[in-house]
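Encoded as structure tokens, the structure appears first; notes follow it.
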Amino acid sequence: MKDFDHLMSVWQDQPKRDQLSVEEVLKQVKKGVRGIKSQLYWGIVAMLAVLALTFVILFFFAFQSWLTYAGLFIMLSTMILYAFMIVRNYRILDRRDSTINPVEYLDDLKQYQRNRTKITGWFFYLYLLLISLGLSLYFIEILQNASTLYKVAIYTITVGWFLFLTFYYKKRIFRNEEEKLNLMIERLERLQGQFE
């Protein structure tokens, strides 16, 4: 009986898991999602600007080589596909208010997380590969009459930029967003667990 009393006292002395405040969690989630939506919004704006510029170059400039047109078309189609993906992700986050139905909002966050995982995974590398291919084809004619030093400088800067995006920027930005998203999902799951 003594062991049982000791076991009961140890069990009762265990710290209780903190109960989350519904208002506080929803406020934090809304703030986090607002930051992600803002980042997506400016990504969409930048992508539309680059798409418009590429469209103008493709349809209003005359080039002699079909390779230049092929490169521009590859870049344009790749950017359109990426723009559709980020607009879809923005709409996932923007379609519901977290305060109305947190359970459905949690499902939306999980769907957004799955979509972002695709973008940060195979699609990011496919995107960079196609943009690199398009730029290479475009540069063939554009840099045809340029000096060797200028060609080397342009290709070096371009390759350096893609390496920077691949090995530094991608990991930093997507990891930061993933951590925020995981924290929001974990809080909403804990909140959901309190009411079950």
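Naming works like this for the structure tokens: A, B, ... for the chains as they're shown, residue 1 at the start of each chain, ligands 1 onward in shown order.
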What are the closest atom pairs, with distances in Å to one decimal, for all residues of region 43-99 of chain A lying within 10 Å of region 113-135 of chain A? Consider only C-alpha atoms, order rows by chain and residue number, and present the result as a Markdown table.
```
| residue | atom | partner | partner_atom | distance |
| --- | --- | --- | --- | --- |
| A:Leu67 | CA | A:Gly134 | CA | 9.0 |
| A:Thr68 | CA | A:Gly134 | CA | 8.2 |
| A:Tyr69 | CA | A:Gly134 | CA | 9.1 |
| A:Ala70 | CA | A:Gly134 | CA | 7.2 |
| A:Gly71 | CA | A:Gly134 | CA | 3.7 |
| A:Leu72 | CA | A:Gly134 | CA | 5.9 |
| A:Phe73 | CA | A:Gly134 | CA | 7.5 |
| A:Ile74 | CA | A:Gly134 | CA | 5.4 |
| A:Met75 | CA | A:Ile131 | CA | 5.2 |
| A:Leu76 | CA | A:Ile131 | CA | 8.8 |
| A:Ser77 | CA | A:Leu130 | CA | 9.4 |
| A:Thr78 | CA | A:Tyr127 | CA | 6.5 |
| A:Met79 | CA | A:Tyr127 | CA | 8.0 |
| A:Leu81 | CA | A:Tyr127 | CA | 9.2 |
| A:Tyr82 | CA | A:Tyr127 | CA | 7.8 |
| A:Met85 | CA | A:Ile119 | CA | 8.2 |
| A:Ile86 | CA | A:Arg116 | CA | 8.9 |
| A:Arg88 | CA | A:Asn115 | CA | 9.1 |
| A:Asn89 | CA | A:Asn115 | CA | 7.1 |
| A:Ile92 | CA | A:Asn115 | CA | 9.8 |
```
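Proximity to Tyr105 (chain A) was assessed for A:Leu53, A:Ala83, A:Val159, A:Leu188 counting only C-alpha atoms; the smallest distance is recorded for A:Leu188.
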(request) Please run DSSP on the backbone and report, as JSON, numbers by chain, all residues within chain A that come out as alpha helix (DSSP H). (result) {"A": [2, 3, 4, 5, 6, 7, 8, 9, 10, 11, 12, 13, 22, 23, 24, 25, 26, 27, 28, 29, 30, 31, 32, 33, 34, 35, 36, 37, 38, 39, 40, 41, 42, 43, 44, 45, 46, 47, 48, 49, 50, 51, 52, 53, 54, 55, 56, 57, 58, 59, 60, 66, 67, 68, 69, 70, 71, 72, 73, 74, 75, 76, 77, 78, 79, 80, 81, 82, 83, 84, 85, 86, 87, 88, 89, 90, 91, 92, 93, 94, 102, 103, 104, 105, 106, 107, 108, 109, 110, 111, 112, 113, 114, 115, 116, 117, 118, 124, 125, 126, 127, 128, 129, 130, 131, 132, 133, 134, 135, 136, 137, 138, 139, 140, 141, 142, 148, 149, 150, 151, 152, 153, 154, 155, 156, 157, 158, 159, 160, 161, 162, 163, 164, 170, 171, 172, 173, 174, 175, 176, 177, 178, 179, 180, 181, 182, 183, 184, 185, 186, 187, 188, 189, 190, 191, 192, 193, 194]}
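Distances here use only C-alpha atoms; by that measure, the residue among A:Ile57, A:Gln111, A:Glu24, A:Met47 closest to Leu181 (chain A) is A:Gln111.
CA of Lys151 (chain A) lies 22.8 Å from CA of Val50 (chain A).
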(request) Show which residues sit within 12 Å of region 154-156 of chain A, as a PyMOL selection string. Count only C-alpha atoms, and ignore same-chain residues fewer than 4 positions away. (result) chain A and resi 132+135-136+138-140+142-143+146-150+160-164
(request) To one decimal in Å, tell me the separation between CA of Arg175 (chain A) and CA of Val33 (chain A). (result) 15.4 Å
(request) Excluding region 29-31 of chain A and residues on its chain fewer than 3 positions from it, collect all residues at most 6 Å away from it, counting only C-alpha atoms, and give them as a VMD selection string. (result) chain A and resid 26 34 184
